[in-house]
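Below is my_file24.csv, holding CSV, C-alpha atoms.
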```csv
chain,number,residue,atom,x,y,z
A,25,MET,CA,-50.1,32.2,66.2
A,26,PHE,CA,-50.5,31.4,62.5
A,27,GLU,CA,-48.2,28.4,63.0
A,28,ARG,CA,-50.7,27.1,65.5
A,29,TYR,CA,-53.5,27.5,62.9
A,30,LEU,CA,-51.4,25.7,60.2
A,31,SER,CA,-50.7,22.9,62.7
A,32,ASN,CA,-54.4,22.5,63.3
A,33,ILE,CA,-55.0,22.3,59.5
A,34,SER,CA,-52.2,19.8,59.1
A,35,SER,CA,-53.7,17.6,61.9
A,36,LEU,CA,-57.1,17.8,60.3
A,37,ILE,CA,-55.8,16.8,56.9
A,38,SER,CA,-54.2,13.7,58.5
A,39,THR,CA,-57.5,12.9,60.2
A,40,ILE,CA,-59.4,13.2,56.9
A,41,ARG,CA,-56.8,11.0,55.2
A,42,ASP,CA,-57.1,8.4,58.0
A,43,THR,CA,-60.9,8.4,58.5
A,44,GLN,CA,-62.5,9.4,55.2
A,45,LYS,CA,-60.7,7.2,52.7
A,46,GLU,CA,-63.6,4.7,52.2
A,47,SER,CA,-66.2,7.5,52.1
A,48,ILE,CA,-64.2,9.4,49.5
A,49,LYS,CA,-63.9,6.3,47.3
A,50,LYS,CA,-67.6,5.5,47.7
A,51,ALA,CA,-68.6,9.0,46.8
A,52,ALA,CA,-66.3,9.0,43.8
A,53,GLN,CA,-67.8,5.7,42.6
A,54,ILE,CA,-71.3,7.1,42.9
A,55,ILE,CA,-70.4,10.2,40.9
A,56,ALA,CA,-68.6,8.1,38.3
A,57,ASP,CA,-71.6,5.8,37.9
A,58,SER,CA,-73.8,8.8,37.4
A,59,THR,CA,-71.5,10.0,34.6
A,60,LEU,CA,-71.4,6.6,33.0
A,61,GLU,CA,-75.2,6.4,33.1
A,62,GLY,CA,-75.8,9.8,31.5
A,63,GLY,CA,-76.4,11.8,34.7
A,64,ALA,CA,-74.6,14.6,36.4
A,65,LEU,CA,-73.6,15.9,39.8
A,66,TYR,CA,-75.5,18.7,41.5
A,67,ALA,CA,-74.2,20.5,44.6
A,68,PHE,CA,-75.8,22.8,47.1
A,69,GLY,CA,-74.7,24.6,50.2
A,70,ALA,CA,-76.0,27.7,52.1
A,71,GLY,CA,-73.9,30.5,53.5
A,72,HIS,CA,-70.2,29.6,53.6
A,73,SER,CA,-71.1,26.1,52.6
A,74,ASP,CA,-72.1,27.6,49.2
A,75,MET,CA,-68.4,27.6,48.5
A,76,MET,CA,-68.4,23.9,48.4
A,77,ALA,CA,-70.6,24.0,45.3
A,78,SER,CA,-68.6,26.8,43.8
A,79,GLU,CA,-65.3,25.0,44.4
A,80,ILE,CA,-66.1,22.1,42.1
A,81,THR,CA,-67.9,24.2,39.4
A,82,TYR,CA,-66.2,25.4,36.2
A,83,ARG,CA,-62.6,25.4,37.5
A,84,ALA,CA,-59.2,24.2,36.3
A,85,GLY,CA,-58.9,20.5,36.9
A,86,GLY,CA,-62.5,20.4,37.9
A,87,PHE,CA,-65.4,18.2,37.0
A,88,ALA,CA,-67.4,19.6,34.1
A,89,LEU,CA,-70.6,17.9,35.2
A,90,ALA,CA,-70.7,19.5,38.6
A,91,ASN,CA,-73.8,21.7,38.5
A,92,PRO,CA,-74.2,24.2,41.4
A,93,ILE,CA,-77.6,24.9,42.9
A,94,TYR,CA,-77.5,28.6,43.7
A,95,TYR,CA,-80.2,30.6,45.6
A,96,GLU,CA,-79.4,34.3,45.9
A,97,GLY,CA,-80.9,34.6,49.4
A,98,LEU,CA,-78.5,32.0,50.7
A,99,MET,CA,-75.3,33.4,49.1
A,100,LEU,CA,-73.0,35.9,50.8
A,101,ASN,CA,-73.5,38.6,48.1
A,102,VAL,CA,-76.9,39.6,49.7
A,103,LYS,CA,-77.2,42.7,51.9
A,104,PRO,CA,-77.4,42.6,54.8
A,105,VAL,CA,-75.4,39.4,54.8
A,106,THR,CA,-77.2,38.4,58.0
A,107,LYS,CA,-80.3,37.6,55.9
A,108,THR,CA,-78.6,34.3,54.9
A,109,THR,CA,-78.7,33.1,58.5
A,110,LEU,CA,-82.5,33.7,58.7
A,111,ALA,CA,-83.1,32.3,55.2
A,112,GLU,CA,-81.3,29.0,55.7
A,113,ARG,CA,-83.4,28.4,58.9
A,114,THR,CA,-86.7,29.1,57.1
A,115,GLU,CA,-88.7,25.9,56.6
A,116,GLY,CA,-90.0,25.6,53.0
A,117,ILE,CA,-87.1,27.4,51.4
A,118,GLY,CA,-85.5,24.1,50.3
A,119,LYS,CA,-88.6,23.1,48.4
A,120,ILE,CA,-88.6,26.5,46.7
A,121,ILE,CA,-84.9,26.1,45.7
A,122,MET,CA,-85.6,22.8,44.1
A,123,GLU,CA,-88.6,23.9,42.1
A,124,GLY,CA,-87.6,23.5,38.4
A,125,ILE,CA,-84.6,21.3,39.3
A,126,GLN,CA,-85.8,17.8,38.3
A,127,LEU,CA,-83.2,15.2,39.3
A,128,THR,CA,-83.4,11.6,38.2
A,129,PRO,CA,-82.0,8.3,39.4
A,130,LYS,CA,-79.1,8.9,37.1
A,131,ASP,CA,-78.0,12.0,39.0
A,132,THR,CA,-76.1,12.6,42.2
A,133,LEU,CA,-76.9,15.3,44.7
A,134,LEU,CA,-74.2,16.6,47.0
A,135,VAL,CA,-75.5,18.7,50.0
A,136,ALA,CA,-73.0,20.5,52.2
A,137,SER,CA,-73.7,21.8,55.7
A,138,VAL,CA,-71.2,21.9,58.5
A,139,SER,CA,-73.7,21.8,61.3
A,140,GLY,CA,-76.3,19.9,59.3
A,141,ARG,CA,-79.1,21.4,61.4
A,142,ASN,CA,-80.8,24.0,59.2
A,143,ALA,CA,-83.9,23.7,57.1
A,144,ALA,CA,-82.5,24.7,53.7
A,145,PRO,CA,-79.9,21.9,53.2
A,146,ILE,CA,-82.2,19.3,54.9
A,147,GLU,CA,-85.0,20.1,52.6
A,148,VAL,CA,-82.9,20.2,49.4
A,149,ALA,CA,-81.6,16.8,50.4
A,150,MET,CA,-85.1,15.5,51.0
A,151,VAL,CA,-86.4,16.7,47.7
A,152,GLY,CA,-83.4,15.2,45.9
A,153,LYS,CA,-84.0,11.8,47.5
A,154,GLU,CA,-87.7,12.0,46.6
A,155,GLN,CA,-86.7,12.6,43.0
A,156,GLY,CA,-84.6,9.5,43.1
A,157,ALA,CA,-81.1,11.0,43.0
A,158,LYS,CA,-78.2,9.5,44.9
A,159,LEU,CA,-77.4,11.6,47.9
A,160,ILE,CA,-73.9,12.5,49.2
A,161,VAL,CA,-73.8,14.5,52.4
A,162,LEU,CA,-70.8,16.7,53.5
A,163,THR,CA,-71.1,17.6,57.1
A,164,SER,CA,-69.3,17.6,60.4
A,165,LEU,CA,-70.6,14.6,62.5
A,166,GLU,CA,-69.1,15.9,65.7
A,167,TYR,CA,-70.6,19.3,65.2
A,168,SER,CA,-74.0,18.0,64.1
A,169,ASN,CA,-74.2,15.5,67.0
A,170,SER,CA,-73.7,18.4,69.4
A,171,VAL,CA,-76.8,20.3,68.2
A,172,THR,CA,-80.5,19.7,67.4
A,173,SER,CA,-82.3,19.9,64.1
A,174,ARG,CA,-84.0,23.2,63.2
A,175,HIS,CA,-86.3,21.3,60.8
A,176,SER,CA,-89.8,20.0,61.9
A,177,SER,CA,-88.7,16.5,60.9
A,178,GLY,CA,-86.3,16.5,63.8
A,179,LYS,CA,-83.6,15.2,61.6
A,180,ARG,CA,-80.2,16.5,60.9
A,181,LEU,CA,-78.6,16.2,57.5
A,182,PHE,CA,-76.7,13.1,58.3
A,183,GLU,CA,-79.9,11.4,59.5
A,184,LEU,CA,-81.6,11.4,56.1
A,185,GLU,CA,-80.1,8.1,55.1
A,186,PRO,CA,-77.7,9.4,52.4
A,187,ASP,CA,-75.8,7.0,50.2
A,188,VAL,CA,-72.5,8.3,51.7
A,189,ILE,CA,-71.5,10.7,54.4
A,190,LEU,CA,-68.3,12.8,54.0
A,191,ASP,CA,-67.2,14.2,57.3
A,192,TYR,CA,-65.5,17.6,57.5
A,193,CYS,CA,-63.9,16.4,60.7
A,194,CYS,CA,-64.4,19.9,62.1
A,195,PRO,CA,-65.1,20.7,65.8
A,196,PRO,CA,-68.4,22.2,67.0
A,197,GLY,CA,-68.4,25.9,66.1
A,198,ASP,CA,-65.8,25.3,63.4
A,199,ALA,CA,-63.1,27.7,64.8
A,200,THR,CA,-60.1,25.9,66.4
A,201,ILE,CA,-58.0,28.4,68.4
A,202,LYS,CA,-58.9,29.7,71.9
A,203,LEU,CA,-57.1,32.8,73.1
A,204,GLU,CA,-56.7,33.6,76.7
A,205,GLY,CA,-59.2,36.3,77.8
A,206,PHE,CA,-61.2,36.0,74.6
A,207,GLU,CA,-64.4,33.9,74.5
A,208,GLN,CA,-64.8,33.3,70.8
A,209,LYS,CA,-62.4,30.9,69.1
A,210,ILE,CA,-60.7,31.9,65.9
A,211,GLY,CA,-59.2,29.9,63.0
A,212,PRO,CA,-62.2,28.3,61.2
A,213,VAL,CA,-61.3,25.2,59.2
A,214,SER,CA,-64.4,23.8,57.5
A,215,THR,CA,-63.9,25.5,54.1
A,216,ILE,CA,-60.3,24.2,53.8
A,217,CYS,CA,-61.3,20.7,54.9
A,218,GLY,CA,-64.4,20.6,52.6
A,219,HIS,CA,-62.4,21.7,49.6
A,220,ILE,CA,-59.7,19.1,50.3
A,221,ILE,CA,-62.4,16.4,50.6
A,222,LEU,CA,-64.3,17.3,47.5
A,223,ASN,CA,-61.2,17.7,45.3
A,224,SER,CA,-60.0,14.3,46.6
A,225,VAL,CA,-63.4,12.9,45.5
A,226,ILE,CA,-63.0,14.4,42.0
A,227,VAL,CA,-59.4,13.0,41.7
A,228,GLU,CA,-60.9,9.5,42.4
A,229,VAL,CA,-63.7,10.1,39.9
A,230,VAL,CA,-61.2,10.8,37.2
A,231,GLU,CA,-59.2,7.7,37.9
A,232,ILE,CA,-62.4,5.6,37.6
A,233,LEU,CA,-63.4,7.2,34.4
A,234,ILE,CA,-60.0,6.8,32.9
A,235,GLU,CA,-60.2,3.1,33.7
A,236,LYS,CA,-63.6,3.0,31.9
A,237,GLY,CA,-62.1,4.6,28.8
A,238,ILE,CA,-64.3,7.7,28.9
A,239,ASP,CA,-63.3,10.1,26.1
A,240,PRO,CA,-63.3,13.0,26.4
A,241,LEU,CA,-63.0,13.2,30.1
A,242,PRO,CA,-65.3,15.8,31.6
A,243,ILE,CA,-62.5,17.7,33.2
A,244,TYR,CA,-61.6,21.4,32.6
A,245,MET,CA,-58.2,22.9,31.8
A,246,SER,CA,-57.3,26.3,33.1
A,247,ALA,CA,-58.8,28.9,30.8
A,248,ASN,CA,-55.7,31.0,31.3
A,249,LEU,CA,-53.5,28.5,29.5
A,250,ASP,CA,-53.1,29.2,25.8
A,251,GLN,CA,-54.8,26.0,24.8
A,252,GLY,CA,-57.4,26.2,27.6
A,253,LYS,CA,-60.4,27.7,25.7
A,254,ALA,CA,-60.2,25.2,22.8
A,255,PHE,CA,-59.9,22.3,25.2
A,256,ASN,CA,-62.8,23.4,27.4
A,257,ASP,CA,-65.0,24.2,24.4
A,258,LYS,CA,-64.6,20.6,23.3
A,259,ILE,CA,-65.7,19.4,26.8
A,260,MET,CA,-68.7,21.7,26.9
A,261,GLU,CA,-69.9,20.6,23.5
A,262,ALA,CA,-69.5,16.9,24.3
A,263,TYR,CA,-71.5,17.3,27.6
A,264,LYS,CA,-73.7,20.3,26.9
A,265,SER,CA,-76.9,18.4,27.7
A,266,ARG,CA,-75.7,17.7,31.2
A,267,ILE,CA,-74.0,21.0,32.0
A,268,ARG,CA,-76.7,23.3,33.4
A,269,TYR,CA,-74.7,26.5,34.2
A,270,LEU,CA,-73.7,27.5,30.7
```
Representation of the structure as structure tokens:
Amino acid sequence: MFERYLSNISSLISTIRDTQKESIKKAAQIIADSTLEGGALYAFGAGHSDMMASEITYRAGGFALANPIYYEGLMLNVKPVTKTTLAERTEGIGKIIMEGIQLTPKDTLLVASVSGRNAAPIEVAMVGKEQGAKLIVLTSLEYSNSVTSRHSSGKRLFELEPDVILDYCCPPGDATIKLEGFEQKIGPVSTICGHIILNSVIVEVVEILIEKGIDPLPIYMSANLDQGKAFNDKIMEAYKSRIRYL
């Protein structure tokens, strides 16, 4: 059975490569422009989509100016974990999350939500746009088009006129394998697809910044390499005014 799951992942990676090339390049250019203008990248997701923000934050080969927007009630460390489902559907929570986070036109906001229907990511994106930041949306268009919005605006995340949409390319419900005699599918794919897409974006960002001669590049080295700490200390010092998680 695991071979079937790996085959599904391989097929989705091919789909991402074939359909998301231009969106990946556009998102990378937006983030690179933010970097060149003195801004930073901010990333938000609720529930499992929170892992999109974590994936690009403070990691080996990762973008130092990727600032996660965390809210404990939407992270999987709360008990009971089912609270996250209720919280992300609660209208007004996105505005609370964004209190004290003042974005500017120099900044880029990435909001991830596979279904794109819940209030929290929709409102975070709305506030970010109101503050003038560029908006990148990571969502599954097929999934989102199969459901209705849970926000009073009636809009789903992809309908907020983002600067670019990155498509997870995941099916409705996320899981991909149907077993005979068992209703619920298994083998979810959104986390893998999202991480591949976002790291592809960062790779493109680095290429752009190298071409622009940016030194030092805001990219971390593994802290478990002997030279990692000294290397990363230099990055943190150079960009300390734009790194909000230190």
Show me, as CSV, the residues of segment 67-144 of chain A having an atom within 10 Å of segment 177-192 of chain A, each with the closest atom pair and its distance in Å, using only C-alpha atoms.
```
residue,atom,partner,partner_atom,distance
A:Thr132,CA,A:Asp187,CA,9.8
A:Leu133,CA,A:Pro186,CA,9.7
A:Leu134,CA,A:Pro186,CA,9.7
A:Val135,CA,A:Leu181,CA,8.5
A:Ala136,CA,A:Leu181,CA,8.8
A:Ser137,CA,A:Leu181,CA,7.7
A:Val138,CA,A:Tyr192,CA,7.2
A:Ser139,CA,A:Leu181,CA,8.4
A:Gly140,CA,A:Leu181,CA,4.7
A:Arg141,CA,A:Arg180,CA,5.0
A:Asn142,CA,A:Arg180,CA,7.7
A:Ala143,CA,A:Arg180,CA,8.9
```
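Distances from A:Ala56, A:Met245, A:Met76, A:Val229 to Cys217 of chain A were compared using only C-alpha atoms, and the smallest one belongs to A:Met76.
Between atom CA of Ala88 of chain A and atom CA of Ala52 of chain A lies a distance of 14.4 Å.
The closest residue to Phe26 of chain A, picked from A:Asn223, A:Thr200, A:Thr215, A:Ser265 and counting all atoms listed in the file, is A:Thr200.
If all atoms listed in the file are the atoms counted, then among A:Lys258, A:Arg174, A:Lys158, A:Lys264 the closest residue to Lys50 of chain A is A:Lys158.
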Save N, CA and C atoms of segment 190-224 of chain A from the block above as a PDB file, in the first residue's frame.
```pdb
ATOM      1  N   LEU A 190      -0.495  30.089  -4.973  1.00  0.00           N
ATOM      2  CA  LEU A 190       0.247  28.835  -5.083  1.00  0.00           C
ATOM      3  C   LEU A 190      -0.728  27.701  -4.784  1.00  0.00           C
ATOM      4  N   ASP A 191      -0.840  26.765  -5.694  1.00  0.00           N
ATOM      5  CA  ASP A 191      -1.840  25.702  -5.579  1.00  0.00           C
ATOM      6  C   ASP A 191      -1.193  24.417  -5.059  1.00  0.00           C
ATOM      7  N   TYR A 192      -1.672  23.942  -3.904  1.00  0.00           N
ATOM      8  CA  TYR A 192      -1.203  22.665  -3.366  1.00  0.00           C
ATOM      9  C   TYR A 192      -1.383  21.517  -4.365  1.00  0.00           C
ATOM     10  N   CYS A 193      -2.386  21.658  -5.237  1.00  0.00           N
ATOM     11  CA  CYS A 193      -2.745  20.596  -6.196  1.00  0.00           C
ATOM     12  C   CYS A 193      -3.288  19.356  -5.496  1.00  0.00           C
ATOM     13  N   CYS A 194      -3.860  19.539  -4.301  1.00  0.00           N
ATOM     14  CA  CYS A 194      -4.406  18.430  -3.520  1.00  0.00           C
ATOM     15  C   CYS A 194      -5.892  18.256  -3.817  1.00  0.00           C
ATOM     16  N   PRO A 195      -6.400  17.042  -3.674  1.00  0.00           N
ATOM     17  CA  PRO A 195      -7.829  16.801  -3.908  1.00  0.00           C
ATOM     18  C   PRO A 195      -8.671  17.254  -2.729  1.00  0.00           C
ATOM     19  N   PRO A 196      -9.969  17.444  -2.916  1.00  0.00           N
ATOM     20  CA  PRO A 196     -10.853  17.730  -1.781  1.00  0.00           C
ATOM     21  C   PRO A 196     -10.714  16.652  -0.709  1.00  0.00           C
ATOM     22  N   GLY A 197     -10.579  17.105   0.546  1.00  0.00           N
ATOM     23  CA  GLY A 197     -10.408  16.167   1.646  1.00  0.00           C
ATOM     24  C   GLY A 197      -8.971  15.786   1.923  1.00  0.00           C
ATOM     25  N   ASP A 198      -8.060  16.136   1.011  1.00  0.00           N
ATOM     26  CA  ASP A 198      -6.612  15.972   1.206  1.00  0.00           C
ATOM     27  C   ASP A 198      -6.121  14.536   1.047  1.00  0.00           C
ATOM     28  N   ALA A 199      -6.782  13.564   1.680  1.00  0.00           N
ATOM     29  CA  ALA A 199      -6.346  12.172   1.613  1.00  0.00           C
ATOM     30  C   ALA A 199      -6.571  11.606   0.204  1.00  0.00           C
ATOM     31  N   THR A 200      -5.783  10.611  -0.178  1.00  0.00           N
ATOM     32  CA  THR A 200      -5.720  10.215  -1.591  1.00  0.00           C
ATOM     33  C   THR A 200      -5.995   8.743  -1.867  1.00  0.00           C
ATOM     34  N   ILE A 201      -6.092   7.899  -0.845  1.00  0.00           N
ATOM     35  CA  ILE A 201      -6.226   6.458  -1.086  1.00  0.00           C
ATOM     36  C   ILE A 201      -7.537   5.946  -0.495  1.00  0.00           C
ATOM     37  N   LYS A 202      -8.350   5.310  -1.344  1.00  0.00           N
ATOM     38  CA  LYS A 202      -9.624   4.730  -0.907  1.00  0.00           C
ATOM     39  C   LYS A 202      -9.469   3.219  -0.796  1.00  0.00           C
ATOM     40  N   LEU A 203      -9.772   2.698   0.394  1.00  0.00           N
ATOM     41  CA  LEU A 203      -9.705   1.271   0.634  1.00  0.00           C
ATOM     42  C   LEU A 203     -11.099   0.668   0.560  1.00  0.00           C
ATOM     43  N   GLU A 204     -11.190  -0.503   0.013  1.00  0.00           N
ATOM     44  CA  GLU A 204     -12.467  -1.189  -0.112  1.00  0.00           C
ATOM     45  C   GLU A 204     -13.057  -1.457   1.270  1.00  0.00           C
ATOM     46  N   GLY A 205     -14.320  -1.090   1.444  1.00  0.00           N
ATOM     47  CA  GLY A 205     -15.005  -1.339   2.697  1.00  0.00           C
ATOM     48  C   GLY A 205     -14.720  -0.319   3.783  1.00  0.00           C
ATOM     49  N   PHE A 206     -13.991   0.734   3.452  1.00  0.00           N
ATOM     50  CA  PHE A 206     -13.654   1.766   4.441  1.00  0.00           C
ATOM     51  C   PHE A 206     -13.940   3.128   3.839  1.00  0.00           C
ATOM     52  N   GLU A 207     -14.809   3.918   4.492  1.00  0.00           N
ATOM     53  CA  GLU A 207     -15.298   5.164   3.901  1.00  0.00           C
ATOM     54  C   GLU A 207     -14.225   6.242   3.808  1.00  0.00           C
ATOM     55  N   GLN A 208     -13.485   6.455   4.887  1.00  0.00           N
ATOM     56  CA  GLN A 208     -12.519   7.552   4.924  1.00  0.00           C
ATOM     57  C   GLN A 208     -11.258   7.207   4.138  1.00  0.00           C
ATOM     58  N   LYS A 209     -10.865   8.111   3.259  1.00  0.00           N
ATOM     59  CA  LYS A 209      -9.608   7.927   2.540  1.00  0.00           C
ATOM     60  C   LYS A 209      -8.431   8.111   3.495  1.00  0.00           C
ATOM     61  N   ILE A 210      -7.283   7.593   3.110  1.00  0.00           N
ATOM     62  CA  ILE A 210      -6.051   7.751   3.870  1.00  0.00           C
ATOM     63  C   ILE A 210      -4.971   8.319   2.944  1.00  0.00           C
ATOM     64  N   GLY A 211      -3.817   8.613   3.507  1.00  0.00           N
ATOM     65  CA  GLY A 211      -2.713   9.121   2.698  1.00  0.00           C
ATOM     66  C   GLY A 211      -2.833  10.601   2.354  1.00  0.00           C
ATOM     67  N   PRO A 212      -2.864  11.493   3.374  1.00  0.00           N
ATOM     68  CA  PRO A 212      -2.924  12.934   3.097  1.00  0.00           C
ATOM     69  C   PRO A 212      -1.641  13.420   2.430  1.00  0.00           C
ATOM     70  N   VAL A 213      -1.767  14.476   1.646  1.00  0.00           N
ATOM     71  CA  VAL A 213      -0.632  14.923   0.830  1.00  0.00           C
ATOM     72  C   VAL A 213      -0.310  16.408   0.947  1.00  0.00           C
ATOM     73  N   SER A 214      -1.165  17.189   1.599  1.00  0.00           N
ATOM     74  CA  SER A 214      -0.988  18.644   1.550  1.00  0.00           C
ATOM     75  C   SER A 214       0.317  19.115   2.179  1.00  0.00           C
ATOM     76  N   THR A 215       0.720  18.510   3.305  1.00  0.00           N
ATOM     77  CA  THR A 215       1.942  18.965   3.969  1.00  0.00           C
ATOM     78  C   THR A 215       3.157  18.756   3.074  1.00  0.00           C
ATOM     79  N   ILE A 216       3.238  17.596   2.468  1.00  0.00           N
ATOM     80  CA  ILE A 216       4.363  17.308   1.573  1.00  0.00           C
ATOM     81  C   ILE A 216       4.354  18.261   0.389  1.00  0.00           C
ATOM     82  N   CYS A 217       3.189  18.430  -0.232  1.00  0.00           N
ATOM     83  CA  CYS A 217       3.098  19.315  -1.387  1.00  0.00           C
ATOM     84  C   CYS A 217       3.413  20.758  -1.018  1.00  0.00           C
ATOM     85  N   GLY A 218       2.892  21.205   0.116  1.00  0.00           N
ATOM     86  CA  GLY A 218       3.136  22.580   0.540  1.00  0.00           C
ATOM     87  C   GLY A 218       4.594  22.851   0.821  1.00  0.00           C
ATOM     88  N   HIS A 219       5.256  21.919   1.485  1.00  0.00           N
ATOM     89  CA  HIS A 219       6.676  22.096   1.785  1.00  0.00           C
ATOM     90  C   HIS A 219       7.511  22.114   0.505  1.00  0.00           C
ATOM     91  N   ILE A 220       7.164  21.268  -0.439  1.00  0.00           N
ATOM     92  CA  ILE A 220       7.883  21.258  -1.719  1.00  0.00           C
ATOM     93  C   ILE A 220       7.712  22.592  -2.435  1.00  0.00           C
ATOM     94  N   ILE A 221       6.490  23.103  -2.454  1.00  0.00           N
ATOM     95  CA  ILE A 221       6.226  24.372  -3.127  1.00  0.00           C
ATOM     96  C   ILE A 221       6.983  25.512  -2.453  1.00  0.00           C
ATOM     97  N   LEU A 222       6.909  25.586  -1.125  1.00  0.00           N
ATOM     98  CA  LEU A 222       7.538  26.714  -0.435  1.00  0.00           C
ATOM     99  C   LEU A 222       9.056  26.666  -0.522  1.00  0.00           C
ATOM    100  N   ASN A 223       9.644  25.493  -0.413  1.00  0.00           N
ATOM    101  CA  ASN A 223      11.095  25.415  -0.567  1.00  0.00           C
ATOM    102  C   ASN A 223      11.520  25.704  -1.996  1.00  0.00           C
ATOM    103  N   SER A 224      10.676  25.374  -2.954  1.00  0.00           N
ATOM    104  CA  SER A 224      10.958  25.745  -4.347  1.00  0.00           C
ATOM    105  C   SER A 224      10.967  27.261  -4.500  1.00  0.00           C
TER     106      SER A 224
END
```
